[in-house]
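Scroll down for the structure; my scribbles are underneath it.
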Amino acid sequence: MLNASLTVDPAFVVGEVDPRLYGSFVEHLGRCVYTGIYEPGHAAADKDGFRQDVAALVRELGVPIVRYPGGNFVSGYRWEDGIGPASSRPTRLDLAWRSLETNQVGVDEFMTWARTVGVEPIMAVNLGTRGIDAARSLVEYCNVPGGTYWSDLRGGSPYRIKTWCLGNEMDGPWQIGHKTAREYARLALETAKAMRQVDPAIELVACGSSNRAMPTFGSWEATVLGEAYDAVDYVSMHAYYQQHGDDRASFLAVATDMDGFIDDLIATADHVRAVGRHRKRINIAFDEWNVWYQSRFPGETNLEIEQTPRLIEDVYSVTDAVVVGNLLISLLRHADRVRIGCLAQLVNVIAPIMTEPGGRVWKQASFHPFALTARHGQGTVLQVAVSSPTVSTALYGDVPVLDAVAVSSGAGVVVFAVNRSLDTPLRLEVDLRAFPACTSASHTALADDDPDAVNTVAEPERVVPRSLSATVDDGRLQAELPALSWNMIRLS
Ligand code: AHR
């Protein structure tokens, strides 16, 4: 048994959780849209073709915002192909994923789905093959009440989409229309100006780096913000993690990498703020993050052209789910600056929700820590003072076995914690003397004797959270965190 302790105090405030931290992402990629959220003819489909069994799990997951329509897809997308009578829409070759795009779902259908499910969209515009004109027309189509060409084509009430992404991963050589930082900075600024001219109420996300290992990370953001600081509100971050070989210890520590990535970006944005004598702060939209076994992906140029292919349908284990829970702890720890987060993606494609065409829907293991954090991790994030043994990792050196964060609200305090030990339980003591009203605790854990256990269509409830006992006595919480586990301890 290992021992660790932490102190929770209402004075150690990080910031308020923006509920949009718990967003997700729907891309026209593989089976995320077609046979994912949308499958006309399915027994659970509504009159518009959207699967209500999937919609119910999206609601249970607790995502308030969903980014759309890409991803790499958006960099070759003509949004006008997806409006008007469905039978006259063109089938296009999507180069990002070498797939046939039938355009049966476009912006209007997506907005219908978003309203049914109860989520707000984050809309991305194409700054790969297109630019200012297509972007400002899309804002006009979505947000202008009427009396103009595009708004009258839409008809009905405006969608009033608030948050818009200025392209996707424009720093990446794989991106259609990839740009240098300077090229992108100029285009982002001019596009932002035109979009705001159409609707001054929108907020804008500039592309940051596609991942921390990009050779331009840091200088990209400095150049883009140097040009467009006053025109944008957020800079984006993307990060995907996987276990390499049998190095599970490093994989369990990837949240330390996410912490460093966020800290580096904040430093860069604040440097540009100081140099430019700007007043506002640029916040972060971490609008793609997850576990993704990219080493298993053959690369888009090796794909056969197909319609609705099964692409990157990773199956998540208990270990992957613990890492997802730990990445949420990292995001919460930075809640003062990371205001938007998007688990990438929502259905079938590296997703917490899986479907079979014509068949059932089920939750991946990673669904559980996400849904529980989204539901209970609302309020004020508190920095916790941790005392923990360390574990050696090949990639990140010595890291604490215990990683934790606390969120307080009127109802009490919730501690989210992971035990990164592969094989040893951790006895946790929490000093709660600053919360004298907290006298009882409930402990929920995700762990398993088999850390490779997964949920499948045949066994959809193989991995579920379970309740453990925890006690509060004289201002001290005692709990035992199983080896390799994600934990939520609610104190009231
Ligand atoms: O989420 C899958 C892909 O990952 C997205 O299309 C792209 O933005 C990122 O590289």
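As shown in the structure tokens, the chain order sets the letters A, B, ...; within each chain, residues go from 1, and ligands are also counted from 1 in the order they appear.
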
Contacts of range 227-237 of chain A at 9 Å (only C-alpha atoms; same-chain gap of 5+ positions) as a ChimeraX atom specification: /A:165,168-169,182,185-186,188-190,192-193,196,203-212,221-222,261-262,265,269,272-273,276,278,280-289,339-340

Using only C-alpha atoms and all ligand atoms, which residues have at least one atom no more than 10 Å from ligand 1? Output them as a PyMOL selection string. chain A and resi 25-29+69-75+96-97+167-170+172+174-175+210-211+238-240+287-290+292+294+311-312+343-346+349-351

Please, which residues of range 73-129 of chain A, numbered as in this document, come out helix (DSSP H, G or I) from DSSP, as a ChimeraX atom specification? /A:73-76,79-82,86-88,107-117

Produce a table with one row for each residue of range 6-90 of chain A that has an atom at most 12 Å from any atom of range 142-161 of chain A, each row naming the nearest atom pair and its distance in Å at one decimal; use only C-alpha atoms; arrange rows by chain and rising residue number; format as JSON lines.
```
{"residue": "A:Ile65", "atom": "CA", "partner": "A:Ile161", "partner_atom": "CA", "distance": 11.0}
{"residue": "A:Val66", "atom": "CA", "partner": "A:Ile161", "partner_atom": "CA", "distance": 11.5}
{"residue": "A:Arg67", "atom": "CA", "partner": "A:Ile161", "partner_atom": "CA", "distance": 11.2}
{"residue": "A:Tyr68", "atom": "CA", "partner": "A:Ile161", "partner_atom": "CA", "distance": 11.5}
{"residue": "A:Trp79", "atom": "CA", "partner": "A:Cys142", "partner_atom": "CA", "distance": 11.3}
{"residue": "A:Glu80", "atom": "CA", "partner": "A:Trp150", "partner_atom": "CA", "distance": 10.0}
{"residue": "A:Gly82", "atom": "CA", "partner": "A:Arg154", "partner_atom": "CA", "distance": 11.6}
{"residue": "A:Ile83", "atom": "CA", "partner": "A:Arg154", "partner_atom": "CA", "distance": 8.2}
{"residue": "A:Gly84", "atom": "CA", "partner": "A:Leu153", "partner_atom": "CA", "distance": 8.2}
{"residue": "A:Pro85", "atom": "CA", "partner": "A:Leu153", "partner_atom": "CA", "distance": 11.4}
```

Could those residues be written to a file, using C-alpha atoms, as a PDB file, in the first residue's frame?
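After the write, again.pdb holds the following:
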```
ATOM      1  CA  ILE A  65     -20.945  22.423 -26.929  1.00  0.00           C
ATOM      2  CA  VAL A  66     -19.942  20.479 -30.040  1.00  0.00           C
ATOM      3  CA  ARG A  67     -17.379  21.615 -32.598  1.00  0.00           C
ATOM      4  CA  TYR A  68     -18.328  21.009 -36.263  1.00  0.00           C
ATOM      5  CA  TRP A  79     -20.471  24.517 -46.831  1.00  0.00           C
ATOM      6  CA  GLU A  80     -22.875  25.528 -49.636  1.00  0.00           C
ATOM      7  CA  GLY A  82     -24.753  20.987 -47.622  1.00  0.00           C
ATOM      8  CA  ILE A  83     -27.731  23.353 -47.953  1.00  0.00           C
ATOM      9  CA  GLY A  84     -30.914  23.252 -50.033  1.00  0.00           C
ATOM     10  CA  PRO A  85     -32.859  20.155 -51.130  1.00  0.00           C
TER      11      PRO A  85
END
```

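Nearest residue to Thr191 in chain A among A:Ala213, A:Ala135, A:Cys342, A:Val381 is A:Ala135, counting only C-alpha atoms.
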
Residues within 12 Å of Gln364 in chain A, only C-alpha atoms, excluding chain neighbours under 2 positions, as a PyMOL selection string: chain A and resi 57+61+313-321+324+346-355+361-362+366-371+453-457+459-465
